[in-house]
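Engineer: After the structure tokens below, expect a handful of questions from me.
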Amino acid sequence: MNFEFINKATGGLFRMVVESDALKGAGILSPEKSTINTFVINRTPDAQQVRIDEMAYTMPGYSLLPLVANQHFEFERPQQMIAWQFNREFYCIVDHDAEVGCVGFLFYGIHHPLFILLGEEDLRNISIIEQLCIADMQQRDRMQGKCCVHC
């Protein structure tokens with residue numbers, strides 16, 4: 001499933017990709033030159049291969065991977081993943097550094113790629129966020145943009 005919200009006034013984009021073969025990123029090879037940042041979550045206990053900029057890595061089970069717009073990525077089994085994607089017009093991490101910490105650490109990490117292992121409580125909370133986002137994204141009304149920002 002793919003859900004997408006576009007704020008026509010600002011060009012802000014928020015996308016949720018759930019268990020879809022469409023989960024991949026063209027990175028700097030994209031003709032769109034988009035600024036889509038991505039958080040990908042492996043919700044299964046099984047590790048899987050991910051290619052980032054033509055380099056193979058093993059993404060552990062129950063982990064999160066932040067990816068920036070210029071990275072090309074493909075997953076071995078994208079249908080087992082969930083991802084939240086957004087562009088700068090939707091939410092600029094650099095402009096909101098006080099809220100989210102350091103963009104450099106979050107997306108570039110101490111080492112690359114930064115696989116963040118998730119505990120049981122993290123996985124429960126992510127599941128709740130997923131359910132709320134799906135419910136909000138399925139509603140088409142004038143409040144969607146307001147609700148979507150809080151997903």
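Chains: A, B, ... in order of the structure tokens. Residues: from 1 per chain. Ligands: from 1, in order shown.
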Would you pick out the contacts of segment 75-79 of chain A at 8 Å or less, using only C-alpha atoms, so that residues sharing its chain but fewer than 6 positions from it are not included, and give the list as an MDAnalysis selection string?
Structural biologist: chainID A and resid 18:24 48:51
Engineer: What would the file look like if the residues just selected were written as a tab-separated table (two decimals), in the first residue's frame with N, CA and C atoms?
Structural biologist:
chain	number	residue	atom	x	y	z
A	18	VAL	N	3.82	0.90	2.62
A	18	VAL	CA	3.61	-0.26	3.49
A	18	VAL	C	3.64	-1.52	2.66
A	19	GLU	N	4.60	-2.39	2.93
A	19	GLU	CA	4.68	-3.71	2.30
A	19	GLU	C	4.50	-3.63	0.79
A	20	SER	N	5.35	-2.82	0.14
A	20	SER	CA	5.21	-2.57	-1.29
A	20	SER	C	6.53	-2.77	-2.02
A	21	ASP	N	6.45	-3.39	-3.19
A	21	ASP	CA	7.63	-3.54	-4.03
A	21	ASP	C	8.12	-2.19	-4.55
A	22	ALA	N	7.30	-1.16	-4.42
A	22	ALA	CA	7.66	0.18	-4.91
A	22	ALA	C	8.67	0.88	-4.00
A	23	LEU	N	9.00	0.29	-2.86
A	23	LEU	CA	9.93	0.93	-1.94
A	23	LEU	C	11.35	0.84	-2.48
A	24	LYS	N	11.81	1.95	-3.03
A	24	LYS	CA	13.18	2.09	-3.51
A	24	LYS	C	13.44	3.56	-3.73
A	48	GLN	N	17.83	-8.68	6.20
A	48	GLN	CA	17.75	-8.73	4.74
A	48	GLN	C	18.76	-7.79	4.12
A	49	GLN	N	19.05	-8.04	2.88
A	49	GLN	CA	20.03	-7.25	2.16
A	49	GLN	C	19.40	-5.94	1.67
A	50	VAL	N	20.18	-4.87	1.77
A	50	VAL	CA	19.81	-3.58	1.21
A	50	VAL	C	21.03	-3.07	0.45
A	51	ARG	N	20.79	-2.57	-0.74
A	51	ARG	CA	21.87	-1.96	-1.53
A	51	ARG	C	21.70	-0.45	-1.43
Engineer: Which residues are close to Ile52 of chain A, i.e. within 9 Å by only C-alpha atoms, leaving aside same-chain residues fewer than 2 positions away? Reply as a ChimeraX atom specification.
Structural biologist: /A:50,54-57,67,71-75,113
Engineer: Based on the selection just made, write N, CA and C atoms of those residues as a compact mmCIF listing (two decimals), in the first residue's frame.
Structural biologist:
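Written file, part_14.txt:
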# COMPACT_ATOMS: atom_id res chain seq x y z
N VAL A 50 20.18 -4.87 1.77
CA VAL A 50 19.81 -3.58 1.21
C VAL A 50 21.03 -3.07 0.45
N GLU A 54 24.89 1.25 -4.48
CA GLU A 54 25.55 0.09 -5.09
C GLU A 54 26.43 -0.71 -4.14
N MET A 55 26.31 -0.45 -2.83
CA MET A 55 27.04 -1.24 -1.84
C MET A 55 26.03 -2.09 -1.08
N ALA A 56 26.34 -3.37 -0.87
CA ALA A 56 25.43 -4.28 -0.17
C ALA A 56 25.67 -4.21 1.34
N TYR A 57 24.57 -4.16 2.08
CA TYR A 57 24.61 -4.17 3.54
C TYR A 57 23.54 -5.14 4.03
N LEU A 67 17.54 7.26 5.59
CA LEU A 67 18.20 7.45 4.30
C LEU A 67 17.94 8.87 3.80
N GLN A 71 20.69 9.26 -1.74
CA GLN A 71 21.07 7.85 -1.71
C GLN A 71 20.15 7.00 -2.59
N HIS A 72 20.77 6.17 -3.40
CA HIS A 72 20.04 5.17 -4.18
C HIS A 72 19.93 3.94 -3.28
N PHE A 73 18.70 3.38 -3.17
CA PHE A 73 18.56 2.20 -2.31
C PHE A 73 17.52 1.23 -2.87
N GLU A 74 17.79 -0.05 -2.62
CA GLU A 74 16.88 -1.14 -2.99
C GLU A 74 16.97 -2.22 -1.92
N PHE A 75 15.81 -2.79 -1.58
CA PHE A 75 15.76 -3.83 -0.56
C PHE A 75 15.50 -5.19 -1.20
N PRO A 113 25.95 2.50 6.92
CA PRO A 113 24.65 3.06 7.29
C PRO A 113 24.37 2.88 8.77
Engineer: Any idea what the distance is between atom CA of Leu117 of chain A and atom CA of Phe3 of chain A?
Structural biologist: 25.5 Å
Engineer: Which of these residues is nearest to Phe115 of chain A, using only C-alpha atoms: A:Asn70, A:Ile41, A:Ser127, A:Ile82?
Structural biologist: A:Ile41
Engineer: Residues near Leu118 of chain A, anyone? I mean within 8 Å using only C-alpha atoms, not counting same-chain ones fewer than 6 positions away, as a PyMOL selection string.
Structural biologist: chain A and resi 62-64
Engineer: One number please: atom CA of Ile134 of chain A to atom CA of Trp84 of chain A, in Å, one decimal.
Structural biologist: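 Atom-to-atom, atom CA of Ile134 of chain A to atom CA of Trp84 of chain A, that is 11.4 Å.
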Engineer: Taking the backbone alone, and naming residues the way the document does, which bits of segment 33-74 of chain A are strand (DSSP E) by DSSP, as a VMD selection string?
Structural biologist: chain A and resid 37 to 42 48 to 52 55 to 59 63 to 67 72 to 74
